[in-house]
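S.K.: A single structure is presented below for examination.
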Amino acid sequence: MVRAFGFRLRSRTRATRRGRATSRRCRVRTDGIGRFAAIWAGQLVSIAGSGITGFVLGVWVFQLTGSATRFGLIMLLEAAAAIAVAPVAGMAVDRVDRRAVLVVSDVVAAAATAVLLALVAGGGLRVWHVYPIAAATAMCATFRMVAFTTVLPLLVPERHLGRANGLAQTLPAVQIAAPLAAGGLLAAVQLRGVVLIDLCTYAVALAITLLIGLPERAIRPDRAGSAGEGAWAELTGGWRELRRRPGLPHLLLLLGGFHLAAGMAGVLVQPLILTFAGPSTLGVLMFVGGAGMFAGSAVMTAWGGPTRRITGVQVFLAIGGIALALHSLAPSALLIGVLAPAFLFTLPVITGSAMSLLQTKVDPSALGRVMAGVRMTAQGGTALGFAAAGPLADLVFEPLLRPGGALAGSVGTVIGVGDGRGIALIFAITGAALIALAAWAATSPVLRAVDDLPDLLTTPDDNTPTDKGEADARTVAG
């Protein structure tokens, strides 16, 4: 047995005690954490490629049309498509082979990217082409992520589940880092080369998914708890399962509020910075913020989060709320350079702790549909934040804090008046909202007790064979 970086290369062989063996097909075999890490690496590469392509296409649309509305429509369609397809993704993950879901979602997304490449190479790309392609890839990403988050707790021992969820939070962090790579790639290889690289990343993800040996319990759904259900019951099974477990609907509501605030901040932080700094400073601050999120993922991966996971959610919601509110104090690049990474650092801890709770406290037969519900909640909160942030800033808060505005003589004496100060007030309000959510989580008896719910998901032990082939190999080795 060869070990390298936690991976084990195994040959799927079966031998008798007399030494006779019959060869079977070979696959890369890993322990549970190694298998998860391999699948995560494939998804990381694929999401990085998609993030770069998405950013470059957005820039292309804006440069061609000069319309912020058409630019924003891409993100809106992606969010709407992801929300619409999530219930179907959850039902599929709980019904069919999860490896097949990962493979098919990558194949369909690759096909959409290939169409985009053909349009770019042939000089026929038009703005309207971008919207259906963006929607299709967003749908595929939803299937992929629901399957990924369902497989995760079936591969990783429970004591490492927080670490694995922390590592999984680097996937959305890649979206933040994508613009940094996109600028250099666009200059070097043009749009055609960027799309080609994206297409190659799907090939990498597919190869890893097909080569890594996954245990039956991870890829074959347990249908015992949902036999005989109709289509509507299948679609709504995740919500029913959450309602059956006291505190979990409250946790989902907590996550929705968190993503709403984070979505508003994510949309408005760039306009806020551009009111007092130039594009070069914006690029540096976006990089620093993304580094904070990567640091949070690294800490969560090494630490695993607190023993009582709801405590991690509470404490880091409060820390994130304070960091978000302090963005409003002054138009300062240094201030944002400290506070933005501090806020983004909290995201992996909050999300990782909440995901670990949800993954272990629900019936395994409904796990895919529950994960789809979680994704719908997160995407819905983020999309609502995206949709509300601009109009609130432009039509309400910026006018209130202009010189002579209704709040200029009160709030304006604290955070200032002029360009960007209305956006700063939104940061103060969203930060206060996160602190209020943290206080609710700390004082709500049903939320405080969510860690005490019995675990329904039996996660694999490090030393327990995860499928029959591995058990046979250990018997022969013994």
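Residues are referred to by chain and number: the chain letter is A, B, ... according to the order shown in the structure tokens, the number counts from 1 in that chain, and ligands are numbered separately from 1 in the order shown.
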Would you mind listing what lies within 7 Å of stretch 149-152 of chain A as a PyMOL selection string, with only C-alpha atoms counted and same-chain residues fewer than 2 positions away left out?
M.R.: chain A and resi 36+145-147+154-156+218+367-368+371
S.K.: For the residues in the current selection, export C-alpha atoms as a short mmCIF file (atom, residue, chain, number, x, y, z; two decimals), in the first residue's frame.
M.R.:
data_model
loop_
_atom_site.label_atom_id
_atom_site.label_comp_id
_atom_site.auth_asym_id
_atom_site.auth_seq_id
_atom_site.Cartn_x
_atom_site.Cartn_y
_atom_site.Cartn_z
CA PHE A 36 -13.47 13.78 -0.07
CA MET A 145 -23.14 21.21 -5.15
CA VAL A 146 -26.22 19.43 -3.76
CA ALA A 147 -24.62 16.08 -4.63
CA LEU A 154 -21.08 9.97 4.07
CA LEU A 155 -17.33 9.95 3.43
CA VAL A 156 -15.87 11.81 6.39
CA ALA A 218 -22.06 7.51 -0.39
CA LEU A 367 -30.29 14.41 3.01
CA GLY A 368 -30.10 15.46 -0.64
CA MET A 371 -29.14 20.15 1.19
#
S.K.: Interatomic distance between atom CA of A:Leu317 and atom CA of A:Leu434?
M.R.: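 A separation of 5.9 Å between them.
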S.K.: Between atom CA of A:Pro399 and atom CA of A:Met264, what distance in Å does the model show, to one decimal?
M.R.: 18.2 Å
S.K.: Excluding same-chain residues fewer than 4 positions from stretch 107-109 of chain A, what lies within 9 Å of it counting only C-alpha atoms, as a PDB file with C-alpha atoms, in the first residue's frame?
M.R.:
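Output saved as around_2.pdb:
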ATOM      1  CA  LEU A 102     -21.838  14.723 -10.444  1.00  0.00           C
ATOM      2  CA  VAL A 103     -20.822  13.338 -13.833  1.00  0.00           C
ATOM      3  CA  THR A 113     -19.287  25.833 -22.385  1.00  0.00           C
ATOM      4  CA  ALA A 114     -18.407  24.113 -25.667  1.00  0.00           C
ATOM      5  CA  ILE A 133     -25.610  29.667 -21.148  1.00  0.00           C
ATOM      6  CA  ALA A 136     -27.671  26.388 -17.800  1.00  0.00           C
ATOM      7  CA  THR A 137     -24.301  26.356 -16.037  1.00  0.00           C
ATOM      8  CA  ALA A 138     -25.911  27.706 -12.835  1.00  0.00           C
ATOM      9  CA  MET A 139     -28.413  24.830 -12.898  1.00  0.00           C
ATOM     10  CA  CYS A 140     -25.607  22.324 -13.370  1.00  0.00           C
ATOM     11  CA  ALA A 141     -23.666  23.911 -10.500  1.00  0.00           C
ATOM     12  CA  LEU A 199     -13.751  23.581 -20.751  1.00  0.00           C
ATOM     13  CA  TYR A 202     -14.569  20.240 -16.534  1.00  0.00           C
ATOM     14  CA  ALA A 203     -12.462  17.445 -17.995  1.00  0.00           C
ATOM     15  CA  LEU A 206     -14.850  14.498 -14.565  1.00  0.00           C
TER      16      LEU A 206
END
S.K.: Hey, which of A:Cys200, A:Ala323, A:Val269, A:Leu210 ends up closest to A:Ala432? Count only C-alpha atoms.
M.R.: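 Under the stated criterion, the closest residue is A:Ala323.
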S.K.: Show me, as a ChimeraX atom specification, the residues that have an atom within 9 Å of A:Phe397 when counting only C-alpha atoms, minus same-chain residues fewer than 4 positions from it.
M.R.: /A:392-393,401-402,421-426
S.K.: Keeping only C-alpha atoms, write the selected residues to a file as a PDB file, in the first residue's frame.
M.R.:
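Ended up saving to again.pdb:
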ATOM      1  CA  LEU A 392     -32.069  51.036  -1.427  1.00  0.00           C
ATOM      2  CA  ALA A 393     -28.707  52.734  -1.878  1.00  0.00           C
ATOM      3  CA  LEU A 401     -27.105  61.441   3.646  1.00  0.00           C
ATOM      4  CA  ARG A 402     -26.426  64.013   0.969  1.00  0.00           C
ATOM      5  CA  ARG A 421     -22.287  57.646   3.081  1.00  0.00           C
ATOM      6  CA  GLY A 422     -25.759  56.243   2.383  1.00  0.00           C
ATOM      7  CA  ILE A 423     -24.121  52.953   1.404  1.00  0.00           C
ATOM      8  CA  ALA A 424     -22.100  53.160   4.612  1.00  0.00           C
ATOM      9  CA  LEU A 425     -25.359  53.454   6.578  1.00  0.00           C
ATOM     10  CA  ILE A 426     -26.623  50.255   4.899  1.00  0.00           C
TER      11      ILE A 426
END
S.K.: Work out how far apart atom CA of A:Val127 and atom CA of A:Leu73 are and give it in Å to one decimal.
M.R.: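 Answer for the atom CA of A:Val127 to atom CA of A:Leu73 separation: 11.1 Å.
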S.K.: Which residue gives the smallest distance to A:Glu78 among A:His259, A:Gln314, A:Glu216, A:Tyr131, with only C-alpha atoms counted?
M.R.: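 With only C-alpha atoms as the atom set, the closest residue is A:Tyr131.
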S.K.: I need the residue nearest A:Ala387 from this list: A:Gly404, A:Pro153, A:Gly373, A:Gly263. Use only C-alpha atoms for the distance.
M.R.: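 Smallest distance to A:Ala387 is found for A:Gly263.
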S.K.: Please list as an mmCIF file with C-alpha atoms, in the first residue's frame every residue within 12 Å of A:Gln190, counting only C-alpha atoms and excluding residues in the same chain fewer than 2 positions away.
M.R.:
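Contents of the output file selection19.cif:
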data_model
loop_
_atom_site.group_PDB
_atom_site.id
_atom_site.type_symbol
_atom_site.label_atom_id
_atom_site.label_comp_id
_atom_site.auth_asym_id
_atom_site.auth_seq_id
_atom_site.Cartn_x
_atom_site.Cartn_y
_atom_site.Cartn_z
ATOM 1 C CA THR A 53 -15.341 32.679 -17.431
ATOM 2 C CA VAL A 56 -14.879 37.755 -18.166
ATOM 3 C CA LEU A 57 -18.293 37.382 -19.814
ATOM 4 C CA TRP A 60 -17.561 41.642 -22.086
ATOM 5 C CA LEU A 117 -16.454 28.361 -27.234
ATOM 6 C CA VAL A 120 -16.566 32.895 -29.582
ATOM 7 C CA ALA A 121 -14.287 31.105 -32.055
ATOM 8 C CA ALA A 182 -9.349 36.633 -15.023
ATOM 9 C CA GLY A 183 -7.655 39.956 -15.783
ATOM 10 C CA GLY A 184 -4.282 38.369 -16.498
ATOM 11 C CA LEU A 185 -5.766 35.472 -18.453
ATOM 12 C CA LEU A 186 -7.927 37.750 -20.580
ATOM 13 C CA ALA A 187 -4.887 39.822 -21.526
ATOM 14 C CA ALA A 188 -2.815 36.717 -22.268
ATOM 15 C CA ARG A 192 -11.472 32.325 -26.550
ATOM 16 C CA GLY A 193 -8.558 31.050 -24.476
ATOM 17 C CA VAL A 194 -10.387 31.688 -21.179
ATOM 18 C CA VAL A 195 -13.400 29.651 -22.319
ATOM 19 C CA LEU A 196 -11.116 26.853 -23.556
ATOM 20 C CA ILE A 197 -9.415 26.701 -20.148
#
S.K.: Hey, what's within 8 Å of A:Leu339 if we count only C-alpha atoms and toss same-chain stuff fewer than 5 positions away? As a list in words, please?
M.R.: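 So the residues in contact are Ala323, Leu324, Leu326 and His327 of chain A.
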S.K.: Go ahead and write the selection's residues with N, CA and C atoms as a PDB file, in the first residue's frame.
M.R.:
ATOM      1  N   ALA A 323     -17.857  43.636  12.439  1.00  0.00           N
ATOM      2  CA  ALA A 323     -16.956  44.027  11.344  1.00  0.00           C
ATOM      3  C   ALA A 323     -17.721  44.726  10.233  1.00  0.00           C
ATOM      4  N   LEU A 324     -18.928  44.220   9.913  1.00  0.00           N
ATOM      5  CA  LEU A 324     -19.719  44.824   8.844  1.00  0.00           C
ATOM      6  C   LEU A 324     -20.169  46.230   9.241  1.00  0.00           C
ATOM      7  N   LEU A 326     -18.790  48.327  11.303  1.00  0.00           N
ATOM      8  CA  LEU A 326     -17.669  49.270  11.390  1.00  0.00           C
ATOM      9  C   LEU A 326     -17.200  49.769  10.021  1.00  0.00           C
ATOM     10  N   HIS A 327     -17.628  49.113   8.936  1.00  0.00           N
ATOM     11  CA  HIS A 327     -17.329  49.632   7.591  1.00  0.00           C
ATOM     12  C   HIS A 327     -17.838  51.061   7.423  1.00  0.00           C
TER      13      HIS A 327
END
S.K.: What lies within 9 Å of A:Gly54 using only C-alpha atoms, ignoring chain neighbours under 5 positions off, as a PyMOL selection string?
M.R.: chain A and resi 49+59+74+134+178
S.K.: Output N, CA and C atoms of each residue in that selection to a file, as an mmCIF file, in the first residue's frame.
M.R.:
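The resulting again-v9.cif:
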data_model
loop_
_atom_site.group_PDB
_atom_site.id
_atom_site.type_symbol
_atom_site.label_atom_id
_atom_site.label_comp_id
_atom_site.auth_asym_id
_atom_site.auth_seq_id
_atom_site.Cartn_x
_atom_site.Cartn_y
_atom_site.Cartn_z
ATOM 1 N N GLY A 49 -12.566 27.619 -12.928
ATOM 2 C CA GLY A 49 -12.713 27.893 -14.359
ATOM 3 C C GLY A 49 -14.011 28.598 -14.676
ATOM 4 N N VAL A 59 -17.732 41.247 -17.897
ATOM 5 C CA VAL A 59 -16.973 42.405 -18.384
ATOM 6 C C VAL A 59 -17.256 42.634 -19.869
ATOM 7 N N ILE A 74 -27.248 38.994 -15.664
ATOM 8 C CA ILE A 74 -26.546 37.706 -15.665
ATOM 9 C C ILE A 74 -26.611 37.079 -14.289
ATOM 10 N N ALA A 134 -25.432 31.076 -19.161
ATOM 11 C CA ALA A 134 -25.209 31.323 -17.732
ATOM 12 C C ALA A 134 -26.242 30.580 -16.892
ATOM 13 N N ALA A 178 -11.552 34.807 -8.432
ATOM 14 C CA ALA A 178 -11.593 34.660 -9.888
ATOM 15 C C ALA A 178 -11.233 35.934 -10.650
#
S.K.: When DSSP works through the backbone of this structure, what residues of stretch 356-454 of chain A end up as alpha helix (DSSP H), shown as an MDAnalysis selection string?
M.R.: chainID A and resid 356:361 367:391 398:400 412:415 421:443 445:448
S.K.: Sort by chain and increasing residue number a table of all residues of stretch 390-461 of chain A within 12 Å of stretch 238-251 of chain A, each with its closest pair of atoms and their distance in Å to one decimal, counting only C-alpha atoms, and write it as a Markdown table.
M.R.:
| residue | atom | partner | partner_atom | distance |
| --- | --- | --- | --- | --- |
| A:Leu437 | CA | A:Leu251 | CA | 10.5 |
| A:Ala438 | CA | A:Leu251 | CA | 11.2 |
| A:Trp440 | CA | A:His250 | CA | 10.1 |
| A:Ala441 | CA | A:Leu251 | CA | 8.4 |
| A:Ala442 | CA | A:Leu251 | CA | 11.8 |
| A:Ser444 | CA | A:Gly247 | CA | 9.3 |
| A:Pro445 | CA | A:Gly247 | CA | 8.8 |
| A:Val446 | CA | A:Gly247 | CA | 5.1 |
| A:Leu447 | CA | A:Gly247 | CA | 5.2 |
| A:Arg448 | CA | A:Gly247 | CA | 8.3 |
| A:Ala449 | CA | A:Gly247 | CA | 7.4 |
| A:Val450 | CA | A:Gly247 | CA | 5.5 |
| A:Asp451 | CA | A:Gly247 | CA | 9.2 |
| A:Asp452 | CA | A:Gly247 | CA | 10.2 |
| A:Leu453 | CA | A:Arg245 | CA | 7.8 |
| A:Pro454 | CA | A:Arg245 | CA | 9.6 |
| A:Asp455 | CA | A:Arg245 | CA | 10.9 |
| A:Leu456 | CA | A:Arg245 | CA | 10.6 |
S.K.: Taking only C-alpha atoms into account, name the residue in A:Ser46, A:Gln270, A:Thr65, A:Ser328 that is nearest to A:Gly390.
M.R.: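 Closest to A:Gly390, using only C-alpha atoms: A:Gln270.
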S.K.: Using only C-alpha atoms, which of the listed residues (A:Ala86, A:Met75, A:Val93, A:Ala295) sits closest to A:Pro132?
M.R.: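 Going through A:Ala86, A:Met75, A:Val93, A:Ala295 one by one, the smallest distance to A:Pro132 is for A:Met75.
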S.K.: Using only C-alpha atoms, which of A:Ala302, A:Met376, A:Ala173, A:Ala164 sits nearest A:Ala37?
M.R.: A:Ala164
